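Peer 1: My structure is below; once you've seen it, I'll send some questions.
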Protein chains: 2
Amino acid sequence: MLYLGDTARVPYGIKSRETITRYALESSLFLLNNNVKLIVVACNTVSAVALPYLRDILKAPIIGVLEPGVQAAISGVNSNSFGIIATPSTIESNAYQNRIKELRENCLVYSQACPLLVPMAEEGITEGEIAEKVLNSYLKIFDDTTIKSLILGCTHYPLFKGTISRLLGEGITLVDSAETVAMEVEAMLLRESLIKTHGNGKVKCFITDVPRNFNEKAERFFGSNLIEVSRKNIFELNVD
Amino acid sequence: MLYLGDTARVPYGIKSRETITRYALESSLFLLNNNVKLIVVACNTVSAVALPYLRDILKAPIIGVLEPGVQAAISGVNSNSFGIIATPSTIESNAYQNRIKELRENCLVYSQACPLLVPMAEEGITEGEIAEKVLNSYLKIFDDTTIKSLILGCTHYPLFKGTISRLLGEGITLVDSAETVAMEVEAMLLRESLIKTHGNGKVKCFITDVPRNFNEKAERFFGSNLIEVSRKNIFELNVD
């Protein structure tokens, strides 16, 4: 498994559709040039903004995190009201909102952009007074709604699960797409006869920058299982 | 006057020395290729991390914001204790701390990295409860010191002046380098006989991305005087 983190250009979720699409294409081409057979776009912003474009022009199967998140949110939920929090670019794309409304006619979708949560997660500020104040200001739009599930529409947001649960109280399920994405990857590999049936897998991590507290951050997300990390300058100088 | 904002890759202050230096070089080459006669590195992170490198390899005069900020901080201040807040990369470079200690032997420099302030400024969260809580957590290290001046070591931070003043109380001067930089530019242009002596100037803005609320943000910094803005994709695809 090749993992590419574009740490030299993060965060994506505050940038334009055009720039996000360009970055997503560059990252995908890097992976394809390294012979991957399937790409998981493990980022909600890219999934919401650039996935149709990537699928249009690239032949390899590409799995985003939006559809699995939507499926997880609507399966087994009776309510017709859904909540979603995500980056500004994801919310403004309306990709989640449109997809949910396609699958559940006449439902209500309440959405809130949370621009500070990615930088806070990167700094480890996921609980305590500051996290609560910021989350409170973002979550108050759900107060007078009847949502029963809230989609955590950004891969950083599950780190806030504890604080969000406490603030929203019981009765609202927090949905992230991690497990449903993994299941979709397996299903797709089986369907396309691409699955490896013997031997052990290996993880190789590429990052485009080594930010100051990278190891600490990586452990926050991956645990201490990082096997190999290389810094890869995939985006070179080109000045006119 | 050509202004280049690398909005497609901001923020810089959480990235590595190597990546910041590469971005600074690319941006400088873009400006030089557009025939500027002098470059102002109007970013504390780049000034702290990459200025010696840029001066080493580029012939044009280059003015950073660090030295003017330091001069403004020490001039007319009797205290031997100085405070500085800046991005993580600026603080970790020790450039401010070392320069102040060079000019004021045996002084004390207290420094604090404030990673959330740039995203907060970009979102317009510069006062109110959240801004105060976050600033309080960053400023508490100055509580038991005798600093008389605090350097706002990031071009975003003057937007927090009101809140910082209120939190620190009277008796601590907030220093930013805006005016001293402008004076240094004029002095340098005179010294190098590069100054334009007739006609009116013009401002041309280039940005590498158009972020979602660009006009609103630009007005927060520049007022409503933006004359011309072009989106310029100066960093092209190059994948191996």
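For the structure tokens, the naming scheme is as follows: chains receive sequential letters (A, B, ...) according to their order of presentation, residues are indexed from 1 within each chain, and ligands are indexed from 1 in presentation order.
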Report as number ranges by chain all protein, DNA and RNA residues lying within 9 Å of stretch 105-122 of chain B, evaluated on only C-alpha atoms, omitting residues in the same chain fewer than 6 positions from it.

Peer 2: A: 115-116, 119-120, 123; B: 11, 13-14, 79-92, 96-97, 131, 134-135, 138-139, 141-142, 145, 147, 154, 156-157, 159-160, 217

Peer 1: What residues in chain A have any atom no more than 10 Å from chain B when counting only C-alpha atoms, and can you write them as JSON, numbers by chain?

Peer 2: {"A": [7, 8, 9, 10, 11, 12, 13, 14, 15, 16, 17, 18, 19, 20, 22, 23, 25, 26, 27, 28, 29, 30, 31, 32, 33, 34, 88, 89, 92, 115, 116, 117, 118, 119, 120, 122, 123, 125, 129, 130, 131, 132, 133, 134, 137, 208, 209, 210, 211, 212, 213, 233, 234, 235, 236, 237, 238, 239, 240]}

Peer 1: Contacts of A:Thr173 at 9 Å or less, counting only C-alpha atoms, minus same-chain residues fewer than 3 places along, as a PyMOL selection string?

Peer 2: chain A and resi 73+148-151+165+170

Peer 1: Set the distance at 10 Å and use only C-alpha atoms: which residues neighbour A:Ile39 once local chain neighbours fewer than 2 positions away are removed? I'd like the list as a ChimeraX atom specification.

Peer 2: /A:1-3,28,31-32,36-37,41-42,60-64,185

Peer 1: Please produce a file of the residues just selected, as a PDB file, in the first residue's frame, where the atoms kept are C-alpha atoms.

Peer 2:
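This went into again_35.pdb:
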ATOM      1  CA  MET A   1       0.000   0.000   0.000  1.00  0.00           C
ATOM      2  CA  LEU A   2       1.362   3.376  -1.036  1.00  0.00           C
ATOM      3  CA  TYR A   3       0.254   6.315   1.038  1.00  0.00           C
ATOM      4  CA  SER A  28      -3.020  10.448  -8.536  1.00  0.00           C
ATOM      5  CA  LEU A  31       0.599   6.948  -7.435  1.00  0.00           C
ATOM      6  CA  LEU A  32      -0.234   5.522 -10.877  1.00  0.00           C
ATOM      7  CA  VAL A  36      -0.885   1.142  -7.940  1.00  0.00           C
ATOM      8  CA  LYS A  37      -3.930  -0.798  -9.120  1.00  0.00           C
ATOM      9  CA  VAL A  41      -9.097   9.281  -2.366  1.00  0.00           C
ATOM     10  CA  ALA A  42      -8.899   9.369   1.426  1.00  0.00           C
ATOM     11  CA  ALA A  60      -7.782   2.831 -12.620  1.00  0.00           C
ATOM     12  CA  PRO A  61     -10.642   2.265 -10.189  1.00  0.00           C
ATOM     13  CA  ILE A  62     -10.942   5.196  -7.794  1.00  0.00           C
ATOM     14  CA  ILE A  63     -12.795   5.076  -4.493  1.00  0.00           C
ATOM     15  CA  GLY A  64     -13.760   8.251  -2.680  1.00  0.00           C
ATOM     16  CA  VAL A 185     -12.067  -1.301  -1.347  1.00  0.00           C
TER      17      VAL A 185
END

Peer 1: Of the candidates B:Val77, B:Ile57, B:Leu38, B:Ala48, which one gets nearest to B:Glu186 if we count only C-alpha atoms?

Peer 2: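 Ranked by minimum distance to B:Glu186, first place goes to B:Leu38.
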
Peer 1: Quick check, in Å to one decimal: how far apart do atom CA of B:Asn35 and atom CA of B:Gln71 lie?

Peer 2: 29.7 Å

Peer 1: Using DSSP on the backbone coordinates, identify the residues of stretch 90-206 of chain A assigned to strand (DSSP E or B); present them as a list in words.

Peer 2: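 Residues of stretch 90-206 of chain A classed as strand (DSSP E or B): Leu108, Val109, Tyr110, Ser111, Gln112, Ala113, Ser149, Leu150, Ile151, Leu152, Gly153, Thr173, Leu174, Val175, Lys204, Cys205 and Phe206 of chain A.
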
Peer 1: Can I get the selection written as a PDB file, in the first residue's frame, with C-alpha atoms?

Peer 2:
ATOM      1  CA  LEU A 108     -33.545  17.896   5.018  1.00  0.00           C
ATOM      2  CA  VAL A 109     -29.779  18.319   5.066  1.00  0.00           C
ATOM      3  CA  TYR A 110     -28.172  20.794   7.457  1.00  0.00           C
ATOM      4  CA  SER A 111     -24.560  21.575   6.725  1.00  0.00           C
ATOM      5  CA  GLN A 112     -21.856  23.574   8.438  1.00  0.00           C
ATOM      6  CA  ALA A 113     -18.338  24.453   7.253  1.00  0.00           C
ATOM      7  CA  SER A 149     -26.971  11.379  12.438  1.00  0.00           C
ATOM      8  CA  LEU A 150     -24.110  13.777  11.816  1.00  0.00           C
ATOM      9  CA  ILE A 151     -21.632  13.010   9.052  1.00  0.00           C
ATOM     10  CA  LEU A 152     -18.055  13.865  10.020  1.00  0.00           C
ATOM     11  CA  GLY A 153     -17.242  14.903   6.474  1.00  0.00           C
ATOM     12  CA  THR A 173     -24.971   9.086  15.722  1.00  0.00           C
ATOM     13  CA  LEU A 174     -21.616  10.365  14.475  1.00  0.00           C
ATOM     14  CA  VAL A 175     -20.830   8.888  11.089  1.00  0.00           C
ATOM     15  CA  LYS A 204       4.999   2.729   2.200  1.00  0.00           C
ATOM     16  CA  CYS A 205       4.370   6.369   3.081  1.00  0.00           C
ATOM     17  CA  PHE A 206       5.346   9.307   0.907  1.00  0.00           C
TER      18      PHE A 206
END

Peer 1: How far is it from atom CA of B:Leu194 to atom CA of B:Leu58, in Å with one decimal?

Peer 2: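 Separation between atom CA of B:Leu194 and atom CA of B:Leu58: 16.9 Å.
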
Peer 1: If we count only C-alpha atoms and set the cut-off at 10 Å, which residues sit around A:Ala182, ignoring sequence neighbours fewer than 3 positions away in its own chain? Please answer as a list in words.

Peer 2: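 These residues fall inside the cut-off: Val40, Ile63, Val65, Pro68, Ser177, Ala178, Glu179, Val185, Glu186, Ala187 and Met188 of chain A.
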
Peer 1: Could you check how far atom CA of B:Asn44 sits from atom CA of B:Thr180, in Å to one decimal?

Peer 2: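 So the two atoms, atom CA of B:Asn44 and atom CA of B:Thr180, lie 13.8 Å apart.
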